[in-house]
Amino acid sequence: MAADRGVRTVAPLRFTERHVRVLHAVAEGYIRTAHPVPSQHVASRLDVSSATVRNDFGMLEEGGLLQQPHTSAGRIPTPEGFRYYASSYLPPRRLPRGEREAIARVLSCVDGEDLYAAASRLAARLSGYAVLVRLPPDDALRVHEVHLSLVSSRRLLAVVVLETGLVRQLGVEVDPMPDDDVIDDAERNLRQLDLSVGEAPRALRAAASTAAAEDLGRTLEAVADAWVGLRSPRYFRAGLSRLLEEPEGEDPSFVRLVVEHVEGEEPLPEAPEGDLDLDLDERLAMVSASFAFGGGRGSLTLVGPARMRYPQALSIAKEFGVALSKTGASEPSAG
């Protein structure tokens, strides 16, 4: 995707109000039909002559906001044209009351990781696009509890409860496996951590080095080795099938592009606190909202074709950013 971030809101000074109306008519026609928009369509909508619209097309092409694909007589917006079109819907309008109430109702019924999975599914249903929710690494979150249980002759399961109510599970390889008393001692040491996720590995290794029993030291060291599983971003995905129902989904190269972004774990656009980000190129658009998560920021990203329904997408992203900030900034009980 393009490296350019944000939604610029300043129009080129030489464009008139009619030029802007022409751009909007082309954008909305292309979003609705997925076909280039001819001058006759715009002329009838704006009640001007086709010749006037063709002149406006020329000005908007020179300004980099419209383009003529192939030999079609119609026009479509460039990425810069879509960016300017989207900017006219900032700040986004509130969603209809029924949709706002649905978001509040769904998010109030779940917590922990289920909250973010539910948010991604609902945002995908409301928008019709793919949605990715990214949680930052857990490094800044404090550890509330750690429980150890035996799952095989060489493997323990560590269940880690964090300050936001999120629960993480880590597979801990220990060979040979210590007896139950040592596992209980290790769990008591883990309960005394009262540290952030990022601080815990060093503390565990220090405790292992001073442990009175060798088996206890090995067990704590094994937990420290497994701890890396808590220090990577986490992703929740939904709506890929909805996105591929768009006309662009018939193009195999578009499908590959979408899957790379939705199923991959490359860095996603990240909006500043309380703001939105729009990242787009000739084929794909991503609208992102950030939200508070513990001491860091998570993001919810809508992924769609370049002819995304921007007014709706911006409103949905903003609404979920606000709703998840209210939840992620709190510290629900881990019980």
# chains A, B, ... in the order shown; residues from 1 in each chain; ligands from 1

call {"tool": "residues_around", "arguments": {"residues": "region 296-301 of chain A", "least_positions_apart": "6", "cutoff": "6 Å", "atoms": "only C-alpha atoms", "output": "list of chain:residue names"}}
result
A:Val131, A:Leu132, A:Val133, A:Arg134, A:Leu135, A:Pro136, A:Val287, A:Ser288, A:Ala289, A:Ser290

call {"tool": "select_by_dssp", "arguments": {"residues": "region 128-224 of chain A", "states": "helix (DSSP H, G or I)", "output": "PyMOL selection string"}}
result
chain A and resi 138-140+180-191+200-209+214-224

call {"tool": "residues_around", "arguments": {"residues": "Leu115 (chain A)", "least_positions_apart": "6", "cutoff": "10 Å", "atoms": "only C-alpha atoms", "output": "number ranges by chain"}}
result
A: 106-109, 166, 324, 327-328

call {"tool": "write_last_selection", "arguments": {"atoms": "N, CA, C and O atoms", "output": "short mmCIF file (atom, residue, chain, number, x, y, z; two decimals), in the first residue's frame"}}
result
data_model
loop_
_atom_site.label_atom_id
_atom_site.label_comp_id
_atom_site.auth_asym_id
_atom_site.auth_seq_id
_atom_site.Cartn_x
_atom_site.Cartn_y
_atom_site.Cartn_z
N VAL A 106 -23.72 -5.58 21.57
CA VAL A 106 -22.81 -6.71 21.32
C VAL A 106 -21.56 -6.60 22.18
O VAL A 106 -21.13 -7.57 22.81
N LEU A 107 -20.96 -5.42 22.24
CA LEU A 107 -19.70 -5.27 22.97
C LEU A 107 -19.89 -5.35 24.48
O LEU A 107 -18.96 -5.70 25.20
N SER A 108 -21.09 -5.06 24.96
CA SER A 108 -21.33 -5.13 26.41
C SER A 108 -21.49 -6.57 26.90
O SER A 108 -21.43 -6.82 28.11
N CYS A 109 -21.68 -7.50 25.98
CA CYS A 109 -21.94 -8.89 26.36
C CYS A 109 -20.69 -9.76 26.38
O CYS A 109 -20.78 -10.94 26.72
N LEU A 166 -7.75 -10.04 29.60
CA LEU A 166 -7.35 -10.99 28.56
C LEU A 166 -6.66 -12.18 29.18
O LEU A 166 -5.91 -12.06 30.16
N LEU A 324 -14.35 0.81 21.47
CA LEU A 324 -13.29 -0.04 21.98
C LEU A 324 -12.35 0.72 22.90
O LEU A 324 -11.77 0.13 23.81
N THR A 327 -13.77 0.55 26.33
CA THR A 327 -13.60 -0.77 26.93
C THR A 327 -12.14 -1.05 27.22
O THR A 327 -11.79 -1.51 28.30
N GLY A 328 -11.27 -0.79 26.23
CA GLY A 328 -9.85 -1.12 26.39
C GLY A 328 -9.14 -0.28 27.41
O GLY A 328 -8.12 -0.69 27.97
#

call {"tool": "residues_around", "arguments": {"residues": "His147 (chain A)", "least_positions_apart": "2", "cutoff": "7 Å", "atoms": "only C-alpha atoms", "output": "PDB file with N, CA, C and O atoms, in the first residue's frame"}}
result
ATOM      1  N   GLU A 145      -2.381 -13.008  37.216  1.00  0.00           N
ATOM      2  CA  GLU A 145      -2.261 -14.364  37.720  1.00  0.00           C
ATOM      3  C   GLU A 145      -1.618 -15.252  36.673  1.00  0.00           C
ATOM      4  O   GLU A 145      -1.753 -14.992  35.474  1.00  0.00           O
ATOM      5  N   SER A 149      -0.621 -26.075  34.685  1.00  0.00           N
ATOM      6  CA  SER A 149      -1.256 -27.392  34.751  1.00  0.00           C
ATOM      7  C   SER A 149      -0.522 -28.353  33.823  1.00  0.00           C
ATOM      8  O   SER A 149       0.023 -27.944  32.783  1.00  0.00           O
ATOM      9  N   ALA A 158       0.633 -22.932  30.724  1.00  0.00           N
ATOM     10  CA  ALA A 158       0.620 -21.743  31.574  1.00  0.00           C
ATOM     11  C   ALA A 158      -0.540 -20.857  31.121  1.00  0.00           C
ATOM     12  O   ALA A 158      -0.584 -20.434  29.961  1.00  0.00           O
ATOM     13  N   VAL A 159      -1.482 -20.603  32.017  1.00  0.00           N
ATOM     14  CA  VAL A 159      -2.606 -19.718  31.737  1.00  0.00           C
ATOM     15  C   VAL A 159      -2.313 -18.388  32.423  1.00  0.00           C
ATOM     16  O   VAL A 159      -2.211 -18.317  33.649  1.00  0.00           O
ATOM     17  N   VAL A 160      -2.136 -17.324  31.611  1.00  0.00           N
ATOM     18  CA  VAL A 160      -1.716 -16.018  32.109  1.00  0.00           C
ATOM     19  C   VAL A 160      -2.897 -15.056  32.008  1.00  0.00           C
ATOM     20  O   VAL A 160      -3.450 -14.843  30.924  1.00  0.00           O
ATOM     21  N   GLU A 187       4.346 -22.290  40.474  1.00  0.00           N
ATOM     22  CA  GLU A 187       3.149 -21.456  40.359  1.00  0.00           C
ATOM     23  C   GLU A 187       3.125 -20.380  41.445  1.00  0.00           C
ATOM     24  O   GLU A 187       2.728 -19.239  41.192  1.00  0.00           O
TER      25      GLU A 187
END

call {"tool": "closest_residue", "arguments": {"among": "A:His144, A:Arg234, A:Ser152, A:Glu214", "to": "Gln192 (chain A)", "atoms": "only C-alpha atoms"}}
result
A:His144

call {"tool": "closest_residue", "arguments": {"among": "A:Glu245, A:Lys318, A:Gly239, A:Ala208", "to": "Tyr129 (chain A)", "atoms": "only C-alpha atoms"}}
result
A:Gly239

call {"tool": "select_by_dssp", "arguments": {"residues": "region 144-202 of chain A", "states": "strand (DSSP E or B)", "output": "list in words"}}
result
His144, Glu145, Val146, His147, Leu148, Ser149, Leu150, Val151, Ser152, Arg155, Leu156, Leu157, Ala158, Val159, Val160, Val161, Leu162, Val167, Arg168, Gln169, Leu170, Gly171, Val172, Glu173 and Ser196 of chain A

call {"tool": "atom_distance", "arguments": {"atom1": "CA of Leu284 (chain A)", "atom2": "CA of Ile316 (chain A)"}}
result
17.8 Å

call {"tool": "residues_around", "arguments": {"residues": "Ile183 (chain A)", "least_positions_apart": "5", "cutoff": "12 Å", "atoms": "only C-alpha atoms", "output": "PDB file with N, CA and C atoms, in the first residue's frame"}}
result
ATOM      1  N   VAL A 146      -0.952 -16.315  37.134  1.00  0.00           N
ATOM      2  CA  VAL A 146      -0.433 -17.356  36.247  1.00  0.00           C
ATOM      3  C   VAL A 146      -0.745 -18.704  36.889  1.00  0.00           C
ATOM      4  N   HIS A 147      -1.352 -19.575  36.119  1.00  0.00           N
ATOM      5  CA  HIS A 147      -1.671 -20.921  36.602  1.00  0.00           C
ATOM      6  C   HIS A 147      -0.957 -21.947  35.734  1.00  0.00           C
ATOM      7  N   LEU A 148      -0.402 -22.975  36.337  1.00  0.00           N
ATOM      8  CA  LEU A 148       0.281 -24.047  35.626  1.00  0.00           C
ATOM      9  C   LEU A 148      -0.500 -25.342  35.777  1.00  0.00           C
ATOM     10  N   SER A 149      -0.621 -26.075  34.685  1.00  0.00           N
ATOM     11  CA  SER A 149      -1.256 -27.392  34.751  1.00  0.00           C
ATOM     12  C   SER A 149      -0.522 -28.353  33.823  1.00  0.00           C
ATOM     13  N   LEU A 150      -0.520 -29.612  34.195  1.00  0.00           N
ATOM     14  CA  LEU A 150       0.187 -30.646  33.440  1.00  0.00           C
ATOM     15  C   LEU A 150      -0.698 -31.114  32.290  1.00  0.00           C
ATOM     16  N   ARG A 155       5.073 -31.482  28.938  1.00  0.00           N
ATOM     17  CA  ARG A 155       4.505 -30.174  28.603  1.00  0.00           C
ATOM     18  C   ARG A 155       3.564 -29.678  29.700  1.00  0.00           C
ATOM     19  N   LEU A 156       3.747 -28.407  30.070  1.00  0.00           N
ATOM     20  CA  LEU A 156       2.853 -27.703  30.973  1.00  0.00           C
ATOM     21  C   LEU A 156       2.053 -26.676  30.181  1.00  0.00           C
ATOM     22  N   LEU A 157       0.886 -26.343  30.682  1.00  0.00           N
ATOM     23  CA  LEU A 157       0.104 -25.235  30.139  1.00  0.00           C
ATOM     24  C   LEU A 157       0.129 -24.109  31.153  1.00  0.00           C
ATOM     25  N   ALA A 158       0.633 -22.932  30.724  1.00  0.00           N
ATOM     26  CA  ALA A 158       0.620 -21.743  31.574  1.00  0.00           C
ATOM     27  C   ALA A 158      -0.540 -20.857  31.121  1.00  0.00           C
ATOM     28  N   VAL A 172       4.522 -24.831  27.689  1.00  0.00           N
ATOM     29  CA  VAL A 172       5.839 -24.794  28.330  1.00  0.00           C
ATOM     30  C   VAL A 172       6.454 -26.197  28.263  1.00  0.00           C
ATOM     31  N   VAL A 174       9.034 -28.873  29.324  1.00  0.00           N
ATOM     32  CA  VAL A 174       9.934 -29.187  30.445  1.00  0.00           C
ATOM     33  C   VAL A 174      10.274 -30.675  30.375  1.00  0.00           C
ATOM     34  N   MET A 177       9.925 -33.814  33.308  1.00  0.00           N
ATOM     35  CA  MET A 177       8.880 -33.076  34.009  1.00  0.00           C
ATOM     36  C   MET A 177       9.082 -33.216  35.521  1.00  0.00           C
ATOM     37  N   PRO A 178       9.068 -32.106  36.271  1.00  0.00           N
ATOM     38  CA  PRO A 178       9.201 -32.192  37.726  1.00  0.00           C
ATOM     39  C   PRO A 178       7.930 -32.759  38.360  1.00  0.00           C
ATOM     40  N   ARG A 188       3.565 -20.725  42.660  1.00  0.00           N
ATOM     41  CA  ARG A 188       3.608 -19.728  43.729  1.00  0.00           C
ATOM     42  C   ARG A 188       4.582 -18.602  43.372  1.00  0.00           C
ATOM     43  N   ASN A 189       5.713 -18.954  42.788  1.00  0.00           N
ATOM     44  CA  ASN A 189       6.665 -17.924  42.342  1.00  0.00           C
ATOM     45  C   ASN A 189       6.041 -17.028  41.276  1.00  0.00           C
ATOM     46  N   LEU A 190       5.301 -17.633  40.362  1.00  0.00           N
ATOM     47  CA  LEU A 190       4.695 -16.869  39.286  1.00  0.00           C
ATOM     48  C   LEU A 190       3.614 -15.923  39.805  1.00  0.00           C
ATOM     49  N   ALA A 213      15.899 -25.410  44.561  1.00  0.00           N
ATOM     50  CA  ALA A 213      15.872 -26.735  43.934  1.00  0.00           C
ATOM     51  C   ALA A 213      16.132 -26.614  42.437  1.00  0.00           C
ATOM     52  N   ASP A 215      15.080 -28.545  39.984  1.00  0.00           N
ATOM     53  CA  ASP A 215      13.878 -28.725  39.181  1.00  0.00           C
ATOM     54  C   ASP A 215      13.027 -27.452  39.139  1.00  0.00           C
ATOM     55  N   LEU A 216      12.979 -26.726  40.263  1.00  0.00           N
ATOM     56  CA  LEU A 216      12.230 -25.479  40.286  1.00  0.00           C
ATOM     57  C   LEU A 216      12.872 -24.463  39.342  1.00  0.00           C
ATOM     58  N   GLY A 217      14.201 -24.369  39.375  1.00  0.00           N
ATOM     59  CA  GLY A 217      14.916 -23.453  38.489  1.00  0.00           C
ATOM     60  C   GLY A 217      14.675 -23.782  37.026  1.00  0.00           C
ATOM     61  N   ARG A 218      14.702 -25.088  36.687  1.00  0.00           N
ATOM     62  CA  ARG A 218      14.461 -25.492  35.290  1.00  0.00           C
ATOM     63  C   ARG A 218      13.050 -25.119  34.855  1.00  0.00           C
ATOM     64  N   THR A 219      12.092 -25.297  35.746  1.00  0.00           N
ATOM     65  CA  THR A 219      10.699 -25.002  35.398  1.00  0.00           C
ATOM     66  C   THR A 219      10.486 -23.513  35.162  1.00  0.00           C
ATOM     67  N   LEU A 220      11.038 -22.672  36.047  1.00  0.00           N
ATOM     68  CA  LEU A 220      10.902 -21.226  35.861  1.00  0.00           C
ATOM     69  C   LEU A 220      11.613 -20.771  34.587  1.00  0.00           C
ATOM     70  N   ALA A 222      11.991 -22.547  31.902  1.00  0.00           N
ATOM     71  CA  ALA A 222      11.174 -22.997  30.765  1.00  0.00           C
ATOM     72  C   ALA A 222       9.996 -22.044  30.538  1.00  0.00           C
ATOM     73  N   VAL A 223       9.399 -21.543  31.629  1.00  0.00           N
ATOM     74  CA  VAL A 223       8.313 -20.576  31.484  1.00  0.00           C
ATOM     75  C   VAL A 223       8.839 -19.288  30.844  1.00  0.00           C
TER      76      VAL A 223
END

call {"tool": "atom_distance", "arguments": {"atom1": "CA of Phe82 (chain A)", "atom2": "CA of Ala27 (chain A)"}}
result
7.0 Å
